[in-house]
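> Input file: query_21.cif. Contents: mmCIF, C-alpha atoms.
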```
data_input
#
loop_
_atom_site.label_atom_id
_atom_site.label_comp_id
_atom_site.auth_asym_id
_atom_site.auth_seq_id
_atom_site.Cartn_x
_atom_site.Cartn_y
_atom_site.Cartn_z
CA MET A 36 -5.70 -60.02 24.03
CA ALA A 37 -3.39 -62.54 22.35
CA ARG A 38 -0.93 -61.00 19.94
CA THR A 39 1.95 -62.12 17.77
CA GLY A 40 5.20 -62.05 19.72
CA ARG A 41 8.83 -62.86 19.33
CA ARG A 42 10.21 -65.96 20.96
CA PRO A 43 13.81 -66.20 22.11
CA GLY A 44 16.26 -67.80 19.73
CA ASN A 45 18.80 -67.13 17.02
CA ALA A 46 17.86 -63.86 15.29
CA ASP A 47 19.51 -64.86 12.01
CA THR A 48 17.56 -68.13 11.85
CA ARG A 49 14.31 -66.37 12.63
CA GLN A 50 14.94 -63.75 9.96
CA ALA A 51 15.85 -66.41 7.41
CA ILE A 52 12.51 -68.12 8.02
CA LEU A 53 10.69 -64.79 7.68
CA ASP A 54 12.48 -63.96 4.42
CA VAL A 55 11.62 -67.32 2.88
CA ALA A 56 8.03 -67.14 4.14
CA ARG A 57 7.54 -63.65 2.70
CA THR A 58 8.71 -64.86 -0.71
CA GLN A 59 6.65 -68.04 -0.66
CA PHE A 60 3.45 -66.34 0.50
CA ALA A 61 3.89 -63.84 -2.33
CA GLU A 62 4.52 -66.51 -4.96
CA LEU A 63 2.21 -69.31 -3.79
CA GLY A 64 -0.51 -67.57 -1.78
CA TYR A 65 -1.54 -68.53 1.73
CA GLU A 66 -3.07 -71.88 0.82
CA GLY A 67 -0.12 -72.92 -1.33
CA VAL A 68 2.47 -72.56 1.42
CA SER A 69 3.45 -75.28 3.87
CA LEU A 70 5.65 -74.97 6.95
CA ARG A 71 7.72 -77.91 5.78
CA GLY A 72 8.36 -76.17 2.47
CA ILE A 73 9.41 -72.97 4.24
CA ALA A 74 11.69 -74.89 6.59
CA ARG A 75 13.27 -76.77 3.70
CA ALA A 76 13.92 -73.57 1.73
CA ALA A 77 15.32 -71.84 4.83
CA GLY A 78 17.54 -74.82 5.61
CA VAL A 79 16.10 -75.39 9.09
CA ASP A 80 14.12 -78.06 10.87
CA ALA A 81 10.34 -77.66 10.62
CA ALA A 82 10.14 -77.75 14.42
CA LEU A 83 11.99 -74.43 14.52
CA VAL A 84 9.29 -72.75 12.46
CA HIS A 85 6.69 -73.90 14.99
CA HIS A 86 8.93 -72.77 17.84
CA TYR A 87 9.27 -69.23 16.55
CA PHE A 88 5.83 -68.63 15.05
CA ASP A 89 3.18 -71.00 16.46
CA GLY A 90 2.30 -72.40 13.06
CA LYS A 91 1.38 -71.10 9.65
CA SER A 92 -1.17 -68.49 10.73
CA GLY A 93 1.27 -67.04 13.26
CA LEU A 94 4.01 -66.89 10.65
CA PHE A 95 1.75 -65.14 8.17
CA ALA A 96 0.63 -62.67 10.84
CA GLU A 97 4.28 -61.81 11.44
CA VAL A 98 5.05 -61.43 7.74
CA MET A 99 2.05 -59.13 7.26
CA GLN A 100 2.72 -57.36 10.58
CA LEU A 101 -0.74 -58.19 11.86
CA PRO A 102 -1.36 -57.42 15.53
CA LEU A 103 -2.49 -60.94 16.41
CA ASP A 104 -2.65 -64.56 15.35
CA PRO A 105 -6.29 -65.63 14.82
CA ALA A 106 -5.47 -69.19 15.83
CA VAL A 107 -4.59 -67.88 19.30
CA ALA A 108 -7.01 -64.95 19.69
CA LEU A 109 -10.27 -66.11 18.12
CA PRO A 110 -11.18 -69.14 20.28
CA GLY A 111 -11.84 -66.86 23.25
CA VAL A 112 -14.19 -64.73 21.14
CA LEU A 113 -15.98 -67.62 19.46
CA ASP A 114 -16.64 -69.52 22.69
CA GLY A 115 -19.83 -68.73 24.52
CA ASP A 116 -23.45 -68.16 23.59
CA VAL A 117 -23.80 -67.98 19.81
CA GLU A 118 -26.76 -65.64 20.26
CA GLN A 119 -24.35 -63.01 21.59
CA LEU A 120 -21.59 -63.75 19.10
CA GLY A 121 -22.27 -60.72 16.89
CA GLU A 122 -21.68 -58.31 19.75
CA ARG A 123 -18.60 -60.17 21.00
CA LEU A 124 -17.04 -60.14 17.54
CA LEU A 125 -17.80 -56.46 17.07
CA ARG A 126 -16.40 -55.42 20.44
CA PHE A 127 -13.27 -57.48 19.87
CA PHE A 128 -12.83 -56.01 16.38
CA LEU A 129 -13.36 -52.42 17.51
CA ALA A 130 -10.97 -52.91 20.44
CA LEU A 131 -8.20 -53.83 17.99
CA TRP A 132 -8.77 -50.68 15.95
CA GLU A 133 -9.25 -48.37 18.91
CA SER A 134 -6.13 -49.54 20.78
CA PRO A 135 -3.07 -47.28 20.40
CA GLU A 136 -0.96 -50.44 20.33
CA THR A 137 -2.78 -52.54 17.74
CA GLY A 138 -4.72 -49.87 15.84
CA PRO A 139 -1.75 -48.55 13.82
CA ARG A 140 -0.79 -52.10 12.83
CA MET A 141 -4.34 -52.83 11.70
CA ARG A 142 -4.33 -49.70 9.54
CA ALA A 143 -0.93 -50.57 8.11
CA ALA A 144 -2.03 -54.12 7.25
CA ILE A 145 -5.19 -52.95 5.47
CA ARG A 146 -3.37 -50.19 3.58
CA THR A 147 -0.75 -52.72 2.49
CA ALA A 148 -3.47 -55.10 1.32
CA LEU A 149 -5.20 -52.33 -0.62
CA SER A 150 -1.97 -51.19 -2.25
CA SER A 151 -1.70 -54.10 -4.68
CA GLU A 152 -3.75 -56.96 -6.05
CA GLU A 153 -1.11 -59.44 -4.91
CA ALA A 154 -1.18 -58.20 -1.32
CA SER A 155 -4.97 -58.12 -1.15
CA THR A 156 -5.24 -61.64 -2.56
CA ARG A 157 -2.67 -62.92 -0.08
CA LEU A 158 -4.46 -61.35 2.88
CA GLY A 159 -7.84 -62.42 1.53
CA HIS A 160 -6.87 -66.09 1.45
CA PHE A 161 -5.61 -65.81 5.00
CA VAL A 162 -8.80 -64.15 6.21
CA VAL A 163 -11.01 -66.75 4.52
CA GLN A 164 -9.12 -69.72 5.90
CA GLU A 165 -8.05 -68.56 9.36
CA ILE A 166 -10.85 -66.16 10.36
CA LEU A 167 -14.01 -66.76 8.35
CA GLY A 168 -13.39 -70.50 8.27
CA ARG A 169 -13.12 -70.63 12.06
CA LEU A 170 -16.27 -68.54 12.41
CA ALA A 171 -18.17 -70.81 10.03
CA THR A 172 -17.03 -73.88 11.94
CA ARG A 173 -18.24 -72.33 15.18
CA LEU A 174 -21.66 -71.64 13.65
CA GLY A 175 -22.04 -75.12 12.24
CA SER A 176 -25.35 -74.09 10.71
CA ASP A 177 -26.89 -73.88 7.27
CA GLN A 178 -24.86 -71.71 4.88
CA ALA A 179 -22.31 -71.15 7.63
CA MET A 180 -19.61 -69.84 5.29
CA THR A 181 -22.05 -67.41 3.67
CA ARG A 182 -23.00 -66.16 7.13
CA ALA A 183 -19.36 -65.78 8.14
CA THR A 184 -18.48 -63.96 4.91
CA LEU A 185 -21.36 -61.50 5.24
CA THR A 186 -20.24 -60.79 8.80
CA GLY A 187 -16.66 -60.28 7.68
CA THR A 188 -17.56 -57.85 4.91
CA GLN A 189 -19.66 -55.81 7.33
CA LEU A 190 -16.72 -55.53 9.73
CA ILE A 191 -14.22 -54.67 7.00
CA GLY A 192 -16.51 -52.01 5.57
CA LEU A 193 -16.94 -50.51 9.01
CA ALA A 194 -13.19 -50.42 9.57
CA VAL A 195 -12.45 -48.79 6.23
CA ALA A 196 -15.16 -46.16 6.70
CA ARG A 197 -14.31 -45.27 10.32
CA TYR A 198 -10.54 -45.70 10.53
CA LEU A 199 -9.21 -45.20 7.00
CA VAL A 200 -11.69 -42.98 5.15
CA GLN A 201 -12.82 -41.42 8.45
CA ALA A 202 -16.35 -40.89 7.23
CA ASP A 203 -18.47 -38.42 9.13
CA PRO A 204 -20.58 -38.93 11.25
CA LEU A 205 -19.19 -42.46 11.80
CA ILE A 206 -15.94 -41.14 13.26
CA ARG A 207 -17.89 -39.13 15.84
CA MET A 208 -19.85 -42.12 17.10
CA SER A 209 -18.76 -43.78 20.32
CA VAL A 210 -17.94 -47.47 20.45
CA GLU A 211 -21.17 -48.10 22.35
CA GLU A 212 -23.19 -46.29 19.69
CA ILE A 213 -21.58 -48.37 16.96
CA VAL A 214 -22.22 -51.59 18.89
CA ALA A 215 -25.87 -50.65 19.36
CA ALA A 216 -26.27 -49.90 15.64
CA VAL A 217 -24.20 -52.69 14.07
CA ALA A 218 -24.29 -55.69 16.42
CA PRO A 219 -27.92 -56.61 15.56
CA THR A 220 -27.02 -56.67 11.87
CA LEU A 221 -24.08 -58.97 12.53
CA GLN A 222 -26.24 -61.23 14.68
CA GLY A 223 -28.79 -61.38 11.88
CA TYR A 224 -26.11 -62.59 9.51
CA LEU A 225 -24.87 -65.14 12.03
CA THR A 226 -28.07 -66.70 13.35
CA GLY A 227 -31.06 -65.04 11.69
CA ASP A 228 -33.23 -66.19 8.83
CA LEU A 229 -30.69 -65.76 6.07
CA ALA A 230 -33.27 -65.73 3.28
CA GLU A 231 -35.06 -62.88 5.05
CA VAL A 232 -31.81 -61.02 5.70
CA LEU A 233 -30.73 -61.28 2.08
CA ALA A 234 -34.15 -60.23 0.83
CA ALA A 235 -33.82 -57.08 2.91
CA GLU A 236 -30.42 -56.18 1.44
CA PRO A 237 -30.58 -53.20 -0.96
CA VAL A 238 -30.04 -54.03 -4.61
CA GLN A 239 -26.80 -52.53 -5.91
CA ALA A 240 -26.94 -50.78 -9.27
#
```
Kindly present the structure from the file in structure tokens form.

Amino acid sequence: MARTGRRPGNADTRQAILDVARTQFAELGYEGVSLRGIARAAGVDAALVHHYFDGKSGLFAEVMQLPLDPAVALPGVLDGDVEQLGERLLRFFLALWESPETGPRMRAAIRTALSSEEASTRLGHFVVQEILGRLATRLGSDQAMTRATLTGTQLIGLAVARYLVQADPLIRMSVEEIVAAVAPTLQGYLTGDLAEVLAAEPVQA
């Protein structure tokens, strides 16, 4: 499982980049930030930012203390038979939350995002561009971004209910039970007849 990690180098330079990035992500949002702009504000060469953080998504993952960089981790999940993609995504997602190493960081990131509108917007832009965008590109089908977004909301809702709210009986279900119950829904979003799937969705009051 690919995760964010520290590369060797000058600690002061690395921290200066992080400090500038944290400020710029907060002020400009994920899409408004460029690595060149961060490097310029930190007074370093842009190549150093790439050296320490593997690009913009890796830098943001470090700032937000996410357990992984989607640019590194997702290709291995997205590759393979698209007809099994729902289950692969779900197992990968659950593994992050269930792991004693990455689970606490996932909870911390979501709680931070939920703590303020600014933080949730910042994380939301990142998720749309670096996770849902990659998923949509992999699908390459009609309404690919809608399919990716529906999949993402299903996963986020599952995570909040099981790991943050700890809703019963969801917390008592095994991973295999959750996969059996949820993976077909995800696959329906990803490759099913989207008009039929949406027609089956309950109307919210």
> Given the file shown, enumerate the residues that the PyMOL selection byres ((chain A and resi 161-174) around 10) captures and present them as a PyMOL selection string.
chain A and resi 64-66+91-92+95-96+104-106+109-110+112-114+117+120+124+155-160+175-187+225-226
> Leaving out A:Ile52 and any residue of its chain fewer than 2 positions from it, which residues lie within 7 Å of it when counting all atoms listed in the file, given as a ChimeraX atom specification?
/A:48-50,54-56,73-74,77
> Once 5 Å is added on each side, what are the centre and the three edge lengths, in Å to one decimal, of the axis-aligned box enclosing the listed atoms of stretch 169-182 of chain A? Present them as lines of an AutoDock Vina configuration file.

```
center_x = -20.0
center_y = -70.6
center_z = 9.4
size_x = 23.8
size_y = 19.0
size_z = 21.5
```
> Go through A:Gly90, A:Gly111, A:Gly121, A:Pro102 one by one, measure the shortest atom-to-atom distance of each to A:Gly138 using all atoms listed in the file, and give the residue with the smallest value.
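Ranking A:Gly90, A:Gly111, A:Gly121, A:Pro102 by distance to A:Gly138, first place goes to A:Pro102.
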> Looking at A:Leu103, A:Val210, A:Leu94, A:Pro139, which one is nearest to A:Leu193, with distances taken over all atoms listed in the file?
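Smallest separation from A:Leu193 among the options: A:Val210.
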> For A:Asp89, which residue among A:Val107, A:Trp132, A:Leu125, A:Ala202 is the nearest when counting only C-alpha atoms?
A:Val107
> So what does the PyMOL selection byres ((chain A and resi 218) around 12) actually pick up in this one, as a VMD selection string?
chain A and resid 118 to 129 186 189 to 190 193 210 to 217 219 to 225
> How far is it from atom CA of A:Ala230 to atom CA of A:Ile191, in Å with one decimal?
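Between these atoms lies a distance of 22.3 Å.
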